[in-house]
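Content type compact mmCIF, C-alpha atoms, from the file query_17.txt:
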# COMPACT_ATOMS: atom_id res chain seq x y z
CA MET A 186 -44.02 3.82 -23.85
CA ALA A 187 -43.12 0.15 -23.77
CA ILE A 188 -39.55 0.86 -24.85
CA SER A 189 -39.18 3.56 -22.20
CA ARG A 190 -40.53 1.26 -19.50
CA LEU A 191 -38.27 -1.59 -20.61
CA ALA A 192 -35.22 0.69 -20.68
CA ARG A 193 -36.04 2.01 -17.20
CA ARG A 194 -36.44 -1.51 -15.85
CA LEU A 195 -33.16 -2.65 -17.41
CA ARG A 196 -31.37 0.35 -15.87
CA GLN A 197 -32.76 -0.65 -12.48
CA GLU A 198 -31.59 -4.22 -12.97
CA ALA A 199 -28.03 -3.06 -13.78
CA ASP A 200 -27.61 -1.91 -10.15
CA ALA A 201 -24.18 -0.46 -10.99
CA GLY A 202 -24.02 2.31 -8.40
CA LEU A 203 -23.86 4.94 -11.13
CA THR A 204 -26.54 7.16 -12.56
CA PRO A 205 -28.13 5.87 -15.77
CA SER A 206 -26.37 8.64 -17.71
CA GLN A 207 -23.00 7.76 -16.21
CA LEU A 208 -23.45 4.06 -16.93
CA SER A 209 -24.49 4.82 -20.51
CA ALA A 210 -21.47 7.08 -21.04
CA LEU A 211 -19.18 4.50 -19.48
CA ALA A 212 -20.52 1.74 -21.72
CA THR A 213 -20.01 3.99 -24.76
CA ILE A 214 -16.43 4.77 -23.74
CA HIS A 215 -15.78 1.09 -23.08
CA ARG A 216 -17.25 0.03 -26.45
CA ARG A 217 -16.09 2.91 -28.69
CA GLY A 218 -13.23 4.61 -26.85
CA PRO A 219 -10.87 6.26 -26.57
CA LEU A 220 -13.09 9.25 -27.28
CA THR A 221 -12.80 13.01 -27.01
CA LEU A 222 -15.41 14.59 -24.80
CA GLY A 223 -17.00 16.09 -27.92
CA GLU A 224 -17.28 12.65 -29.52
CA LEU A 225 -18.76 11.25 -26.31
CA ALA A 226 -21.29 14.10 -26.20
CA GLU A 227 -22.33 13.24 -29.77
CA TRP A 228 -22.68 9.52 -29.05
CA GLU A 229 -24.66 10.17 -25.88
CA ARG A 230 -26.64 13.04 -27.41
CA VAL A 231 -25.98 15.33 -24.47
CA ALA A 232 -24.53 18.83 -24.12
CA PRO A 233 -20.74 19.12 -23.75
CA PRO A 234 -20.96 20.57 -20.21
CA SER A 235 -22.97 17.51 -19.12
CA VAL A 236 -20.39 15.17 -20.63
CA THR A 237 -17.58 17.05 -18.92
CA ARG A 238 -19.27 16.58 -15.53
CA MET A 239 -19.94 12.89 -16.25
CA ALA A 240 -16.34 12.30 -17.31
CA THR A 241 -15.06 14.04 -14.20
CA ASN A 242 -17.28 11.90 -11.96
CA LEU A 243 -16.26 8.72 -13.79
CA GLU A 244 -12.61 9.70 -13.53
CA GLN A 245 -12.95 10.35 -9.79
CA GLY A 246 -14.53 6.91 -9.43
CA GLY A 247 -11.61 5.28 -11.20
CA TYR A 248 -13.68 4.23 -14.23
CA VAL A 249 -12.02 6.38 -16.89
CA GLU A 250 -8.69 8.05 -17.46
CA ARG A 251 -7.93 11.10 -19.54
CA VAL A 252 -5.05 10.53 -21.93
CA PRO A 253 -3.45 12.76 -24.55
CA ASP A 254 -4.26 11.96 -28.17
CA PRO A 255 -1.21 10.26 -29.73
CA ASP A 256 -1.53 12.39 -32.90
CA ASP A 257 -2.33 15.75 -31.29
CA ARG A 258 -1.11 16.29 -27.73
CA ARG A 259 -3.54 19.22 -27.34
CA VAL A 260 -6.50 16.81 -27.57
CA VAL A 261 -7.53 14.74 -24.56
CA ARG A 262 -9.39 11.46 -24.85
CA VAL A 263 -11.16 9.39 -22.20
CA VAL A 264 -10.47 5.67 -21.98
CA ALA A 265 -12.13 3.04 -19.83
CA THR A 266 -10.11 1.47 -17.04
CA PRO A 267 -10.18 -2.24 -16.21
CA LYS A 268 -12.51 -1.34 -13.31
CA ALA A 269 -14.94 0.10 -15.88
CA GLY A 270 -14.77 -3.04 -17.99
CA GLU A 271 -15.68 -5.15 -14.98
CA LEU A 272 -18.58 -2.89 -14.01
CA VAL A 273 -19.96 -2.77 -17.55
CA ALA A 274 -19.73 -6.56 -17.84
CA VAL A 275 -21.52 -7.12 -14.52
CA ALA A 276 -24.25 -4.60 -15.37
CA ARG A 277 -24.80 -6.19 -18.78
CA ALA A 278 -24.91 -9.66 -17.26
CA ARG A 279 -27.53 -8.57 -14.71
CA LYS A 280 -29.67 -6.94 -17.39
CA ALA A 281 -29.29 -9.94 -19.70
CA ALA A 282 -30.27 -12.38 -16.96
CA TRP A 283 -33.40 -10.36 -16.19
CA LEU A 284 -34.30 -10.10 -19.87
CA ILE A 285 -33.70 -13.80 -20.55
CA GLU A 286 -35.94 -14.73 -17.65
CA ARG A 287 -38.70 -12.53 -19.03
CA LEU A 288 -38.25 -13.77 -22.60
CA ASP A 289 -38.46 -17.36 -21.38
CA GLY A 290 -41.90 -16.49 -19.97
CA LEU A 291 -43.21 -15.54 -23.42
CA ASP A 292 -44.67 -17.99 -25.89
CA ALA A 293 -42.66 -18.86 -29.01
CA HIS A 294 -44.54 -16.41 -31.24
CA ASP A 295 -43.97 -13.45 -28.89
CA ARG A 296 -40.28 -14.36 -28.43
CA SER A 297 -39.86 -14.52 -32.19
CA SER A 298 -41.54 -11.13 -32.59
CA VAL A 299 -39.31 -9.52 -29.97
CA LEU A 300 -36.14 -10.97 -31.45
CA ALA A 301 -37.13 -9.90 -34.97
CA ALA A 302 -37.59 -6.33 -33.75
CA VAL A 303 -34.15 -6.05 -32.14
CA ASP A 304 -32.21 -5.47 -35.39
CA ALA A 305 -34.68 -2.83 -36.55
CA LEU A 306 -34.51 -1.07 -33.19
CA GLU A 307 -30.70 -1.03 -33.34
CA ARG A 308 -30.81 0.56 -36.80
CA LEU A 309 -33.38 3.07 -35.60
CA VAL A 310 -31.23 4.14 -32.65
CA ASP A 311 -28.07 4.42 -34.76
CA MET A 312 -29.65 6.66 -37.40
CA PRO A 313 -28.14 10.16 -37.60
Translate this structure into structure tokens?
Amino acid sequence: MAISRLARRLRQEADAGLTPSQLSALATIHRRGPLTLGELAEWERVAPPSVTRMATNLEQGGYVERVPDPDDRRVVRVVATPKAGELVAVARARKAAWLIERLDGLDAHDRSSVLAAVDALERLVDMP
């Protein structure tokens, strides 16, 4: 429950003007792209029709572009635009500032415990 509440609060702090799902997909495209829609669906753990709608909305907002795969012109990939990079950076900065402020309010032992857990949580999330 604590992780869910923290994630929800961080999404609120991002204040990016996108839905949480759109911002997550955009961050994945920015970090791991260019991606096919199937690859994006796998990374985001959502159904392909949902990813198609998200990509369309992000494209209409000027955050992603669809480009042909250089090795197979039948395949389309989504890439983040510079506008997306700016939005992702601002959202991350807002979330980081909020989190730093909260971490500064913890005592040294609690801060150490939280920081020690981060690597394990990353591995947990990235497990197949």
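Considering the residues A:Val236, A:Leu272, A:Ala199, A:Ala187 and counting all atoms listed in the file, A:His215 has its shortest atom-to-atom contact with A:Leu272.
Straight-line separation from atom CA of A:Leu284 to atom CA of A:Arg196: 11.6 Å.
Between atom CA of A:Val249 and atom CA of A:Val263 the interatomic distance comes to 6.2 Å.
The smallest atom-to-atom distance between A:Gly247 and any of A:Leu211, A:Lys280, A:Arg216, A:Ser189, using all atoms listed in the file, is found for A:Leu211.
Checking A:Gln245, A:Ser235, A:Ser209, A:Ser297 one by one against A:Leu195, counting all atoms listed in the file, you find the shortest gap at A:Ser209.
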If we draw a sphere of 12 Å around (-32.2, -1.0, -16.5), which residues have at least one atom in it when counting all atoms listed in the file? Please report them as a PDB file with C-alpha atoms, in the frame of the given file.
ATOM      1  CA  ILE A 188     -39.550   0.860 -24.850  1.00  0.00           C
ATOM      2  CA  SER A 189     -39.180   3.560 -22.200  1.00  0.00           C
ATOM      3  CA  ARG A 190     -40.530   1.260 -19.500  1.00  0.00           C
ATOM      4  CA  LEU A 191     -38.270  -1.590 -20.610  1.00  0.00           C
ATOM      5  CA  ALA A 192     -35.220   0.690 -20.680  1.00  0.00           C
ATOM      6  CA  ARG A 193     -36.040   2.010 -17.200  1.00  0.00           C
ATOM      7  CA  ARG A 194     -36.440  -1.510 -15.850  1.00  0.00           C
ATOM      8  CA  LEU A 195     -33.160  -2.650 -17.410  1.00  0.00           C
ATOM      9  CA  ARG A 196     -31.370   0.350 -15.870  1.00  0.00           C
ATOM     10  CA  GLN A 197     -32.760  -0.650 -12.480  1.00  0.00           C
ATOM     11  CA  GLU A 198     -31.590  -4.220 -12.970  1.00  0.00           C
ATOM     12  CA  ALA A 199     -28.030  -3.060 -13.780  1.00  0.00           C
ATOM     13  CA  ASP A 200     -27.610  -1.910 -10.150  1.00  0.00           C
ATOM     14  CA  ALA A 201     -24.180  -0.460 -10.990  1.00  0.00           C
ATOM     15  CA  GLY A 202     -24.020   2.310  -8.400  1.00  0.00           C
ATOM     16  CA  LEU A 203     -23.860   4.940 -11.130  1.00  0.00           C
ATOM     17  CA  THR A 204     -26.540   7.160 -12.560  1.00  0.00           C
ATOM     18  CA  PRO A 205     -28.130   5.870 -15.770  1.00  0.00           C
ATOM     19  CA  SER A 206     -26.370   8.640 -17.710  1.00  0.00           C
ATOM     20  CA  LEU A 208     -23.450   4.060 -16.930  1.00  0.00           C
ATOM     21  CA  SER A 209     -24.490   4.820 -20.510  1.00  0.00           C
ATOM     22  CA  ALA A 276     -24.250  -4.600 -15.370  1.00  0.00           C
ATOM     23  CA  ARG A 277     -24.800  -6.190 -18.780  1.00  0.00           C
ATOM     24  CA  ALA A 278     -24.910  -9.660 -17.260  1.00  0.00           C
ATOM     25  CA  ARG A 279     -27.530  -8.570 -14.710  1.00  0.00           C
ATOM     26  CA  LYS A 280     -29.670  -6.940 -17.390  1.00  0.00           C
ATOM     27  CA  ALA A 281     -29.290  -9.940 -19.700  1.00  0.00           C
ATOM     28  CA  ALA A 282     -30.270 -12.380 -16.960  1.00  0.00           C
ATOM     29  CA  TRP A 283     -33.400 -10.360 -16.190  1.00  0.00           C
ATOM     30  CA  LEU A 284     -34.300 -10.100 -19.870  1.00  0.00           C
TER      31      LEU A 284
END
Open item on the list: Here's a test: counting only C-alpha atoms, identify every protein, DNA and RNA residue with an atom at most 12 Å from (-12.4, 4.4, -11.1) in the file's coordinate frame, and state them as JSON, numbers by chain.
Closed with: {"A": [203, 211, 240, 241, 242, 243, 244, 245, 246, 247, 248, 249, 250, 251, 264, 265, 266, 267, 268, 269, 270, 271, 272]}
Please write out, as JSON, where the centre of an axis-aligned box around all listed atoms of stretch 284-299 of chain A lies and how long its edges are, in Å to one decimal, after adding 5 Å on each side.
{"center_x": -39.2, "center_y": -14.2, "center_z": -25.1, "size_x": 21.0, "size_y": 19.3, "size_z": 24.9}
TODO: Please provide as an MDAnalysis selection string all residues within 12 Å of A:Ala226, with the sequence filter that same-chain residues fewer than 2 positions apart are discarded (counting all atoms listed in the file).
DONE: chainID A and resid 206:207 209:211 213:214 220:224 228:240 263
Task: Counting all atoms listed in the file, the residue of A:Asp292, A:Leu300, A:Pro219, A:Val275 that sits nearest A:Val261 - done: A:Pro219
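Between atom CA of A:Arg308 and atom CA of A:Ala293 there is a distance of 24.0 Å.
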Can you spit out stretch 205-310 of chain A with C-alpha atoms, as a PDB file, in the first residue's frame, from the structure just given?
ATOM      1  CA  PRO A 205      -0.396   8.803 -15.631  1.00  0.00           C
ATOM      2  CA  SER A 206      -0.447   6.086 -18.313  1.00  0.00           C
ATOM      3  CA  GLN A 207       0.506   8.545 -21.041  1.00  0.00           C
ATOM      4  CA  LEU A 208       3.339  10.008 -18.971  1.00  0.00           C
ATOM      5  CA  SER A 209       4.634   6.528 -18.158  1.00  0.00           C
ATOM      6  CA  ALA A 210       4.545   5.495 -21.824  1.00  0.00           C
ATOM      7  CA  LEU A 211       6.223   8.738 -22.846  1.00  0.00           C
ATOM      8  CA  ALA A 212       8.996   8.263 -20.297  1.00  0.00           C
ATOM      9  CA  THR A 213       9.526   4.701 -21.561  1.00  0.00           C
ATOM     10  CA  ILE A 214       9.702   5.871 -25.175  1.00  0.00           C
ATOM     11  CA  HIS A 215      12.089   8.658 -24.182  1.00  0.00           C
ATOM     12  CA  ARG A 216      14.336   6.291 -22.199  1.00  0.00           C
ATOM     13  CA  ARG A 217      14.173   3.139 -24.366  1.00  0.00           C
ATOM     14  CA  GLY A 218      12.949   4.265 -27.790  1.00  0.00           C
ATOM     15  CA  PRO A 219      12.527   4.068 -30.640  1.00  0.00           C
ATOM     16  CA  LEU A 220      10.062   1.276 -29.921  1.00  0.00           C
ATOM     17  CA  THR A 221       7.420  -0.611 -31.844  1.00  0.00           C
ATOM     18  CA  LEU A 222       3.975  -0.386 -30.323  1.00  0.00           C
ATOM     19  CA  GLY A 223       4.269  -4.065 -29.366  1.00  0.00           C
ATOM     20  CA  GLU A 224       7.521  -3.396 -27.516  1.00  0.00           C
ATOM     21  CA  LEU A 225       5.946  -0.415 -25.769  1.00  0.00           C
ATOM     22  CA  ALA A 226       2.960  -2.552 -24.752  1.00  0.00           C
ATOM     23  CA  GLU A 227       5.364  -5.096 -23.232  1.00  0.00           C
ATOM     24  CA  TRP A 228       7.353  -2.464 -21.329  1.00  0.00           C
ATOM     25  CA  GLU A 229       4.193  -0.806 -20.029  1.00  0.00           C
ATOM     26  CA  ARG A 230       2.416  -4.119 -19.414  1.00  0.00           C
ATOM     27  CA  VAL A 231      -0.738  -2.985 -21.186  1.00  0.00           C
ATOM     28  CA  ALA A 232      -2.815  -4.393 -24.045  1.00  0.00           C
ATOM     29  CA  PRO A 233      -1.811  -3.400 -27.587  1.00  0.00           C
ATOM     30  CA  PRO A 234      -5.082  -1.507 -28.240  1.00  0.00           C
ATOM     31  CA  SER A 235      -4.407   0.647 -25.163  1.00  0.00           C
ATOM     32  CA  VAL A 236      -0.883   1.405 -26.364  1.00  0.00           C
ATOM     33  CA  THR A 237      -2.174   2.309 -29.807  1.00  0.00           C
ATOM     34  CA  ARG A 238      -4.584   4.847 -28.284  1.00  0.00           C
ATOM     35  CA  MET A 239      -1.849   6.259 -26.028  1.00  0.00           C
ATOM     36  CA  ALA A 240       0.579   6.592 -28.932  1.00  0.00           C
ATOM     37  CA  THR A 241      -2.064   8.321 -31.035  1.00  0.00           C
ATOM     38  CA  ASN A 242      -2.810  10.800 -28.238  1.00  0.00           C
ATOM     39  CA  LEU A 243       0.895  11.434 -27.646  1.00  0.00           C
ATOM     40  CA  GLU A 244       1.447  11.912 -31.366  1.00  0.00           C
ATOM     41  CA  GLN A 245      -1.448  14.389 -31.575  1.00  0.00           C
ATOM     42  CA  GLY A 246       0.106  16.295 -28.668  1.00  0.00           C
ATOM     43  CA  GLY A 247       3.431  16.511 -30.467  1.00  0.00           C
ATOM     44  CA  TYR A 248       5.237  14.270 -27.966  1.00  0.00           C
ATOM     45  CA  VAL A 249       6.030  11.326 -30.246  1.00  0.00           C
ATOM     46  CA  GLU A 250       6.485  10.675 -33.926  1.00  0.00           C
ATOM     47  CA  ARG A 251       5.955   7.460 -35.822  1.00  0.00           C
ATOM     48  CA  VAL A 252       8.914   6.579 -38.014  1.00  0.00           C
ATOM     49  CA  PRO A 253       9.600   3.607 -40.263  1.00  0.00           C
ATOM     50  CA  ASP A 254      12.083   1.045 -38.978  1.00  0.00           C
ATOM     51  CA  PRO A 255      15.368   1.494 -40.872  1.00  0.00           C
ATOM     52  CA  ASP A 256      15.739  -2.286 -41.327  1.00  0.00           C
ATOM     53  CA  ASP A 257      12.123  -3.146 -42.181  1.00  0.00           C
ATOM     54  CA  ARG A 258      10.012  -0.387 -43.729  1.00  0.00           C
ATOM     55  CA  ARG A 259       6.835  -2.325 -42.849  1.00  0.00           C
ATOM     56  CA  VAL A 260       7.518  -1.798 -39.129  1.00  0.00           C
ATOM     57  CA  VAL A 261       6.695   1.519 -37.472  1.00  0.00           C
ATOM     58  CA  ARG A 262       8.435   2.763 -34.351  1.00  0.00           C
ATOM     59  CA  VAL A 263       7.558   5.622 -32.014  1.00  0.00           C
ATOM     60  CA  VAL A 264      10.248   8.099 -31.015  1.00  0.00           C
ATOM     61  CA  ALA A 265      10.108  10.916 -28.501  1.00  0.00           C
ATOM     62  CA  THR A 266      10.233  14.476 -29.792  1.00  0.00           C
ATOM     63  CA  PRO A 267      12.251  17.252 -28.152  1.00  0.00           C
ATOM     64  CA  LYS A 268       8.963  18.469 -26.632  1.00  0.00           C
ATOM     65  CA  ALA A 269       8.639  15.067 -24.931  1.00  0.00           C
ATOM     66  CA  GLY A 270      12.169  15.261 -23.581  1.00  0.00           C
ATOM     67  CA  GLU A 271      11.420  18.633 -22.021  1.00  0.00           C
ATOM     68  CA  LEU A 272       8.167  17.420 -20.474  1.00  0.00           C
ATOM     69  CA  VAL A 273       9.751  14.262 -19.068  1.00  0.00           C
ATOM     70  CA  ALA A 274      12.631  16.278 -17.600  1.00  0.00           C
ATOM     71  CA  VAL A 275      10.291  18.786 -15.949  1.00  0.00           C
ATOM     72  CA  ALA A 276       8.041  16.043 -14.557  1.00  0.00           C
ATOM     73  CA  ARG A 277      11.046  14.160 -13.162  1.00  0.00           C
ATOM     74  CA  ALA A 278      12.448  17.328 -11.631  1.00  0.00           C
ATOM     75  CA  ARG A 279       9.139  18.094  -9.907  1.00  0.00           C
ATOM     76  CA  LYS A 280       8.862  14.565  -8.544  1.00  0.00           C
ATOM     77  CA  ALA A 281      12.498  14.562  -7.435  1.00  0.00           C
ATOM     78  CA  ALA A 282      12.117  17.895  -5.648  1.00  0.00           C
ATOM     79  CA  TRP A 283       9.066  16.624  -3.778  1.00  0.00           C
ATOM     80  CA  LEU A 284      10.818  13.379  -2.859  1.00  0.00           C
ATOM     81  CA  ILE A 285      14.023  15.118  -1.736  1.00  0.00           C
ATOM     82  CA  GLU A 286      12.023  17.417   0.507  1.00  0.00           C
ATOM     83  CA  ARG A 287      10.318  14.424   2.104  1.00  0.00           C
ATOM     84  CA  LEU A 288      13.545  12.440   2.454  1.00  0.00           C
ATOM     85  CA  ASP A 289      15.185  15.427   4.142  1.00  0.00           C
ATOM     86  CA  GLY A 290      12.420  15.237   6.755  1.00  0.00           C
ATOM     87  CA  LEU A 291      13.405  11.690   7.723  1.00  0.00           C
ATOM     88  CA  ASP A 292      16.066  10.832  10.256  1.00  0.00           C
ATOM     89  CA  ALA A 293      19.354   9.342   9.017  1.00  0.00           C
ATOM     90  CA  HIS A 294      18.325   5.751   9.764  1.00  0.00           C
ATOM     91  CA  ASP A 295      15.051   6.018   7.816  1.00  0.00           C
ATOM     92  CA  ARG A 296      16.791   7.751   4.883  1.00  0.00           C
ATOM     93  CA  SER A 297      19.378   4.990   4.790  1.00  0.00           C
ATOM     94  CA  SER A 298      16.659   2.333   4.840  1.00  0.00           C
ATOM     95  CA  VAL A 299      14.772   3.974   1.978  1.00  0.00           C
ATOM     96  CA  LEU A 300      17.882   4.373  -0.143  1.00  0.00           C
ATOM     97  CA  ALA A 301      18.942   0.773   0.486  1.00  0.00           C
ATOM     98  CA  ALA A 302      15.554  -0.436  -0.733  1.00  0.00           C
ATOM     99  CA  VAL A 303      15.662   1.457  -4.042  1.00  0.00           C
ATOM    100  CA  ASP A 304      18.000  -0.984  -5.838  1.00  0.00           C
ATOM    101  CA  ALA A 305      15.967  -3.979  -4.710  1.00  0.00           C
ATOM    102  CA  LEU A 306      12.737  -2.321  -5.837  1.00  0.00           C
ATOM    103  CA  GLU A 307      14.247  -1.590  -9.264  1.00  0.00           C
ATOM    104  CA  ARG A 308      15.250  -5.240  -9.654  1.00  0.00           C
ATOM    105  CA  LEU A 309      11.802  -6.340  -8.521  1.00  0.00           C
ATOM    106  CA  VAL A 310      10.052  -4.148 -11.093  1.00  0.00           C
TER     107      VAL A 310
END
